[in-house]
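Novice: To be precise about what I am sending: the file is called start.txt and holds compact mmCIF, C-alpha atoms and all ligand atoms.
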# COMPACT_ATOMS: atom_id res chain seq x y z
CA MET O 29 27.40 21.05 -12.06
CA THR O 30 24.92 18.30 -11.23
CA SER O 31 21.90 19.36 -9.20
CA ARG O 32 21.51 17.79 -5.76
CA THR O 33 17.96 16.76 -6.64
CA ILE O 34 17.74 13.13 -7.67
CA PRO O 35 15.83 12.89 -10.98
CA GLU O 36 12.45 11.16 -10.67
CA PRO O 37 13.35 8.23 -13.01
CA VAL O 38 16.42 7.53 -10.87
CA GLN O 39 14.30 7.69 -7.69
CA ARG O 40 11.89 5.17 -9.18
CA GLN O 41 14.74 2.87 -10.19
CA VAL O 42 16.09 3.04 -6.64
CA ARG O 43 12.64 2.29 -5.15
CA GLN O 44 12.30 -0.74 -7.42
CA ASP O 45 15.83 -1.96 -6.69
CA CYS O 46 15.38 -1.56 -2.93
CA GLY O 47 11.95 -3.19 -2.72
CA PHE O 48 10.14 0.07 -1.79
CA GLY O 49 11.49 0.26 1.73
CA CYS O 50 14.57 0.84 3.88
CA VAL O 51 17.16 -1.68 2.62
CA ILE O 52 17.99 -2.63 6.20
CA CYS O 53 14.64 -2.82 8.01
CA GLY O 54 12.07 -2.53 5.21
CA ALA O 55 10.19 0.48 6.64
CA PRO O 56 8.08 2.08 3.89
CA ILE O 57 8.92 5.64 4.93
CA PHE O 58 12.39 6.42 3.67
CA THR O 59 14.93 8.88 2.37
CA TYR O 60 17.29 8.53 -0.58
CA ASP O 61 20.84 8.08 0.62
CA HIS O 62 23.91 8.48 -1.56
CA ILE O 63 26.09 5.68 -0.17
CA ASP O 64 29.27 7.42 -1.32
CA GLU O 65 28.45 11.05 -0.61
CA PHE O 66 27.06 13.21 -3.38
CA SER O 67 29.51 15.97 -2.39
CA ILE O 68 32.30 13.62 -3.51
CA THR O 69 30.73 11.74 -6.43
CA GLN O 70 28.65 14.62 -7.89
CA SER O 71 26.53 11.92 -9.48
CA HIS O 72 23.09 10.33 -9.09
CA GLU O 73 24.11 6.88 -10.29
CA SER O 74 21.20 4.74 -9.04
CA SER O 75 23.44 1.87 -7.87
CA ASN O 76 25.06 4.27 -5.37
CA ILE O 77 21.69 5.32 -3.90
CA ALA O 78 19.91 3.30 -1.23
CA LEU O 79 16.58 3.75 0.53
CA LEU O 80 17.06 4.20 4.26
CA CYS O 81 14.47 4.91 6.93
CA TYR O 82 15.11 7.97 9.09
CA ASN O 83 16.62 5.89 11.88
CA HIS O 84 19.05 4.06 9.65
CA HIS O 85 19.81 7.26 7.79
CA MET O 86 20.78 8.90 11.09
CA GLU O 87 22.84 5.86 12.04
CA LYS O 88 24.76 6.17 8.78
CA THR O 89 25.27 9.92 9.16
CA ALA O 90 26.60 9.29 12.68
CA LYS O 91 28.93 6.68 11.14
CA ARG O 92 27.63 3.93 13.41
CA LEU O 93 26.39 2.26 10.26
CA SER O 94 29.19 1.74 7.76
CA LYS O 95 28.97 2.30 4.01
CA ASP O 96 30.00 -1.30 3.43
CA VAL O 97 27.04 -2.58 5.41
CA VAL O 98 24.67 -0.30 3.47
CA LYS O 99 26.21 -1.55 0.19
CA LYS O 100 25.70 -5.12 1.29
CA TYR O 101 22.01 -4.47 2.04
CA ARG O 102 21.59 -2.44 -1.16
CA ALA O 103 22.58 -5.65 -3.00
CA SER O 104 20.07 -7.77 -1.06
CA PRO O 105 17.45 -5.43 0.44
CA HIS O 106 15.26 -6.46 3.34
CA ASN O 107 12.01 -6.31 1.36
CA LYS O 108 13.38 -8.33 -1.54
CA MET O 109 14.39 -11.02 0.89
CA ARG O 110 11.22 -10.99 2.97
CA LYS O 111 8.62 -9.28 0.75
CA SER O 112 6.86 -8.11 3.83
CA LYS O 113 7.07 -5.07 6.00
CA GLY O 114 5.28 -3.45 8.89
CA ILE O 115 3.56 -0.14 8.53
CA HIS O 116 4.44 1.68 11.69
CA THR O 117 3.51 5.19 10.80
CA TRP O 118 -0.16 5.02 10.03
CA ILE O 119 -1.50 2.76 12.69
CA LEU O 120 -4.99 4.10 13.18
CA GLN O 121 -6.33 4.54 16.66
CA GLY O 122 -9.74 4.72 18.24
CA ASN O 123 -12.80 2.51 18.09
CA SER O 124 -14.24 3.16 14.64
CA VAL O 125 -13.10 3.47 11.07
CA GLU O 126 -14.42 4.88 7.84
CA PHE O 127 -13.61 3.57 4.37
CA ARG O 128 -14.39 6.11 1.66
CA ILE O 129 -14.46 4.38 -1.67
CA GLY O 130 -15.00 7.09 -4.24
CA ASN O 131 -18.10 8.98 -3.08
CA ASN O 132 -19.35 6.04 -0.99
CA VAL O 133 -18.83 5.80 2.74
CA PHE O 134 -18.61 2.61 4.74
CA GLY O 135 -18.38 3.56 8.39
CA SER O 136 -18.06 1.13 11.24
CA PRO O 137 -20.12 1.39 14.40
CA ALA O 138 -18.02 1.72 17.58
CA MET O 139 -16.03 -1.47 18.00
CA SER O 140 -15.05 -2.99 21.30
CA ASP O 141 -11.68 -4.64 21.78
CA GLY O 142 -11.28 -7.63 19.46
CA GLU O 143 -14.21 -6.70 17.21
CA LYS O 144 -13.95 -6.44 13.47
CA TYR O 145 -15.58 -4.37 10.76
CA VAL O 146 -15.64 -5.48 7.12
CA ALA O 147 -16.26 -2.69 4.58
CA ILE O 148 -16.40 -5.03 1.59
CA ASN O 149 -17.06 -8.72 1.75
CA PHE O 150 -16.65 -10.56 -1.56
CA MET O 151 -17.69 -14.20 -1.65
CA GLU O 152 -17.01 -14.44 2.10
CA MET O 153 -13.54 -12.91 1.67
CA GLU O 154 -12.90 -9.80 3.71
CA ILE O 155 -11.42 -7.38 1.18
CA PHE O 156 -11.31 -4.21 3.30
CA SER O 157 -11.48 -4.78 7.01
CA VAL O 158 -10.34 -3.39 10.33
CA ARG O 159 -9.93 -5.12 13.63
CA ARG O 160 -9.66 -3.34 16.96
CA GLU O 161 -6.86 -4.47 19.22
CA GLY O 162 -6.59 -2.37 22.35
CA ASP O 163 -6.54 1.23 21.14
CA ASN O 164 -5.14 0.28 17.74
CA LEU O 165 -7.08 -0.42 14.58
CA LEU O 166 -5.44 -3.09 12.46
CA VAL O 167 -6.17 -2.77 8.77
CA SER O 168 -6.40 -5.62 6.25
CA ILE O 169 -6.71 -5.04 2.50
CA PHE O 170 -6.42 -7.47 -0.42
CA ILE O 171 -6.46 -6.17 -3.95
CA ASN O 172 -5.14 -7.18 -7.37
CA ASP O 173 -4.51 -5.19 -10.51
CA ILE O 174 -7.21 -5.51 -13.17
CA GLU O 175 -5.27 -8.31 -14.85
CA GLY O 176 -5.59 -10.28 -11.62
CA ASN O 177 -2.00 -10.00 -10.33
CA GLN O 178 -1.61 -9.40 -6.63
CA VAL O 179 -0.44 -5.85 -5.99
CA LEU O 180 -1.25 -5.24 -2.37
CA LYS O 181 -1.97 -7.36 0.62
CA ILE O 182 -2.10 -5.83 4.07
CA ILE O 183 -2.75 -8.18 6.96
CA ASP O 184 -3.20 -6.49 10.34
CA ASN O 185 -1.11 -3.48 9.22
CA GLU O 186 1.65 -5.65 7.81
CA MET O 187 2.14 -4.88 4.17
CA ILE O 188 3.05 -7.52 1.63
CA LEU O 189 3.74 -6.09 -1.77
CA GLY O 190 3.00 -8.23 -4.80
CA GLU O 191 5.57 -9.52 -7.30
CA ASN O 192 3.86 -7.50 -9.99
CA LEU O 193 4.48 -4.13 -8.42
CA TRP O 194 6.05 -1.50 -10.63
CA ASP O 195 6.03 1.34 -8.18
CA PHE O 196 5.00 1.97 -4.62
CA ASP O 197 5.17 5.55 -3.47
CA PHE O 198 4.25 6.30 0.13
CA SER O 199 4.76 9.96 0.85
CA GLY O 200 2.92 11.84 3.56
CA THR O 201 -0.42 10.10 4.04
CA ARG O 202 -0.80 9.13 0.39
CA MET O 203 0.05 5.79 -1.07
CA LYS O 204 0.24 5.33 -4.83
CA ILE O 205 0.52 1.86 -6.29
CA ARG O 206 1.36 1.09 -9.89
CA SER O 207 1.39 -2.37 -11.33
CA LEU O 208 3.85 -3.77 -13.88
CA SER O 209 1.06 -4.68 -16.28
CA ASN O 210 0.15 -1.01 -16.74
CA PRO O 211 2.41 1.50 -14.97
CA LYS O 212 0.20 4.40 -16.08
CA ARG O 213 -2.70 3.16 -14.00
CA VAL O 214 -2.54 4.29 -10.39
CA ILE O 215 -4.32 2.91 -7.34
CA ASN O 216 -4.71 5.81 -4.92
CA PHE O 217 -4.99 5.41 -1.16
CA GLU O 218 -4.97 8.07 1.48
CA PHE O 219 -5.10 7.80 5.24
CA ASN O 220 -6.19 10.23 7.86
CA PRO O 221 -4.74 9.11 11.20
CA ASN O 222 -6.74 11.75 13.13
CA THR O 223 -10.17 10.72 11.90
CA SER O 224 -9.34 7.08 11.04
CA VAL O 225 -10.49 7.50 7.47
CA ILE O 226 -9.09 5.35 4.69
CA TYR O 227 -9.81 6.91 1.34
CA ILE O 228 -9.55 5.22 -2.06
CA SER O 229 -10.05 7.52 -5.02
CA GLU O 230 -10.04 7.25 -8.80
CA SER O 231 -8.61 3.78 -9.09
CA ARG O 232 -9.22 0.51 -10.86
CA PHE O 233 -8.48 -2.78 -9.19
CA ARG O 234 -9.75 -6.31 -9.01
CA ILE O 235 -10.72 -8.74 -6.33
CA ASP O 236 -10.32 -12.39 -7.16
CA TYR O 237 -11.87 -15.49 -5.85
CA PRO O 238 -9.61 -18.32 -6.96
CA ARG O 239 -11.74 -21.09 -5.46
CA PHE O 240 -14.61 -20.03 -7.69
CA ALA O 241 -12.55 -20.46 -10.88
CA ALA O 242 -13.14 -24.19 -11.00
CA LEU O 243 -16.88 -23.61 -11.13
CA ASN O 244 -16.88 -20.78 -13.61
CA PRO O 245 -13.62 -19.34 -14.94
CA PHE O 246 -15.32 -16.14 -16.13
CA GLU O 247 -17.05 -15.32 -12.88
CA ASN O 248 -14.21 -15.58 -10.44
CA TYR O 249 -13.48 -11.90 -9.98
CA ARG O 250 -15.02 -8.45 -9.78
CA GLU O 251 -13.38 -5.32 -11.07
CA ILE O 252 -13.94 -2.16 -9.07
CA ARG O 253 -13.67 1.05 -11.03
CA ILE O 254 -13.74 4.16 -8.88
CA GLU O 255 -14.46 7.45 -10.58
CA LYS O 256 -15.18 10.84 -9.03
CA ASP O 257 -18.95 10.52 -8.76
CA LEU O 258 -19.56 6.83 -9.05
CA THR O 259 -18.11 3.41 -8.47
CA VAL O 260 -18.79 0.62 -10.94
CA ILE O 261 -18.55 -3.07 -10.19
CA LEU O 262 -17.79 -5.13 -13.28
CA PRO O 263 -18.74 -7.34 -15.05
CA SER O 264 -22.26 -6.82 -13.69
CA ASN O 265 -22.07 -3.04 -14.28
CA THR O 266 -23.50 -2.38 -10.83
CA ILE O 267 -23.18 1.31 -10.02
CA ILE O 268 -22.84 2.56 -6.45
CA SER O 269 -22.92 6.28 -5.91
CA GLY O 270 -23.41 8.32 -2.76
CA PHE O 271 -23.89 5.20 -0.65
CA HIS O 272 -23.54 5.90 3.09
CA CYS O 273 -23.66 3.13 5.62
CA TYR O 274 -22.83 3.34 9.30
CA VAL O 275 -24.61 0.29 10.63
CA GLY O 276 -23.76 -3.37 10.82
CA ARG O 277 -20.51 -5.27 10.85
CA ILE O 278 -20.39 -5.55 7.05
CA GLY O 279 -20.63 -2.48 4.81
CA MET O 280 -21.31 -4.24 1.54
CA ARG O 281 -21.53 -7.80 0.38
CA ILE O 282 -20.59 -8.49 -3.23
CA VAL O 283 -21.63 -11.84 -4.66
ZN ZN K 301 15.58 1.18 8.46
Here is the file; what I need is its structure written in the form of structure tokens.
Ligand SMILES: [Zn+2]
Specialist:
Amino acid sequence: MTSRTIPEPVQRQVRQDCGFGCVICGAPIFTYDHIDEFSITQSHESSNIALLCYNHHMEKTAKRLSKDVVKKYRASPHNKMRKSKGIHTWILQGNSVEFRIGNNVFGSPAMSDGEKYVAINFMEMEIFSVRREGDNLLVSIFINDIEGNQVLKIIDNEMILGENLWDFDFSGTRMKIRSLSNPKRVINFEFNPNTSVIYISESRFRIDYPRFAALNPFENYREIRIEKDLTVILPSNTIISGFHCYVGRIGMRIV
């Protein structure tokens, strides 16, 4: 008899097929739904499994959402059509934020409504930033894999996943991103909604500056390599370790 647990490779296939979100609304927090019930099929054929958010999963269970509609969306999922989705579950609140990048801390001073804090500014581009809007903190992040392909772009909490994504796994408060160019390499994010901390650990990623390429094609990006005790910025080999900053509107400027 087949176990009810969906094997991990099948789960990953389903995530990739469905664009890493609910096939209907794109929400990044989802469950795996057997469109034709597992109790009948006794199979984990990936094409019969769709990602559904909790709301749409409940709608389907209540039979207000038909199997045919789910099948239709499984064939053309929301995120594959729009490539963009809102992050509703980890909107951070309060008036300050802390980015922990490896063992370095970039903390914002208290922000008033409308103010912005930039943890890393690269060639006048705001790579990690947060803007206060009312009681909400809106996060923006732009990073590429180390080959320079866009893997993650978050603008004011709206997530746009890159074409080059191999896997995107958002469970609990952890987000793991793997790029097609090297699926073994993981970019690790974690969020703490109570303390408004955004934590990036043991990862390698790149920030690009396309406009600079015309001037010098070899100096148009910086690679950030985060290890346990230190963070290295390449190609200059600048090491930052144990850096704590809680003042100013910009945590660090990389040129
Ligand atoms: Zn949904």
Novice: For ligand ZN 301 (chain K), list the contacting residues at 10 Å or closer, counting only C-alpha atoms and all ligand atoms, as a list in words.
Specialist: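 Checking only C-alpha atoms and all ligand atoms against ligand ZN 301 (chain K) at 10 Å gives Gly49, Cys50, Val51, Ile52, Cys53, Gly54, Ala55, Pro56, Ile57, Phe58, Thr59, Leu79, Leu80, Cys81, Tyr82, Asn83, His84, His85, Met86, Glu87 and His106 of chain O.
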Novice: Which residues are near Phe48 of chain O? Cut-off 8 Å, all atoms listed in the file, ignore same chain within fewer than 3 positions. Put them as a PDB file with C-alpha atoms, in the coordinates of the input.
Specialist:
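Wrote out_35.pdb, looks like this:
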ATOM      1  CA  ARG O  43      12.640   2.290  -5.150  1.00  0.00           C
ATOM      2  CA  GLN O  44      12.300  -0.740  -7.420  1.00  0.00           C
ATOM      3  CA  ASP O  45      15.830  -1.960  -6.690  1.00  0.00           C
ATOM      4  CA  GLY O  54      12.070  -2.530   5.210  1.00  0.00           C
ATOM      5  CA  PRO O  56       8.080   2.080   3.890  1.00  0.00           C
ATOM      6  CA  LEU O  79      16.580   3.750   0.530  1.00  0.00           C
ATOM      7  CA  ASN O 107      12.010  -6.310   1.360  1.00  0.00           C
ATOM      8  CA  ASP O 195       6.030   1.340  -8.180  1.00  0.00           C
ATOM      9  CA  PHE O 196       5.000   1.970  -4.620  1.00  0.00           C
ATOM     10  CA  ASP O 197       5.170   5.550  -3.470  1.00  0.00           C
TER      11      ASP O 197
END
Novice: Expressed in Å to a single decimal, how great is the separation between atom CA of Asn210 of chain O and atom CA of Leu189 of chain O?
Specialist: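 Rounded to one decimal, the two atoms are 16.2 Å apart.
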Novice: Write out as JSON, numbers by chain each polymer residue whose atoms come within 7 Å of Ile226 of chain O, counting only C-alpha atoms; drop sequence neighbours fewer than 5 positions from it.
Specialist: {"O": [126, 127, 128, 218, 219, 220]}
Novice: Nearest to Asn149 of chain O among O:Leu208, O:Ile215, O:Val260, O:Ile235, with distances taken over only C-alpha atoms: which residue is it?
Specialist: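 Among O:Leu208, O:Ile215, O:Val260, O:Ile235, it is O:Ile235 that comes nearest to Asn149 of chain O.
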Novice: With distances taken over only C-alpha atoms, which of O:Asn132, O:Asn164, O:Asn172, O:Ser209 is nearest to Glu255 of chain O?
Specialist: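 Answer, going by the shortest atom-to-atom distance: O:Asn132.
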Novice: In terms of the shortest atom-to-atom distance over only C-alpha atoms, which of O:Leu120, O:Met203, O:Ile252, O:Leu166 is closest to Lys144 of chain O?
Specialist: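 Counting only C-alpha atoms, the residue closest to Lys144 of chain O is O:Leu166.
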Novice: Go through O:Arg160, O:Asn76, O:Asp64, O:Glu152 one by one, measure the shortest atom-to-atom distance of each to Ser136 of chain O using all atoms listed in the file, and give the residue with the smallest value.
Specialist: O:Arg160
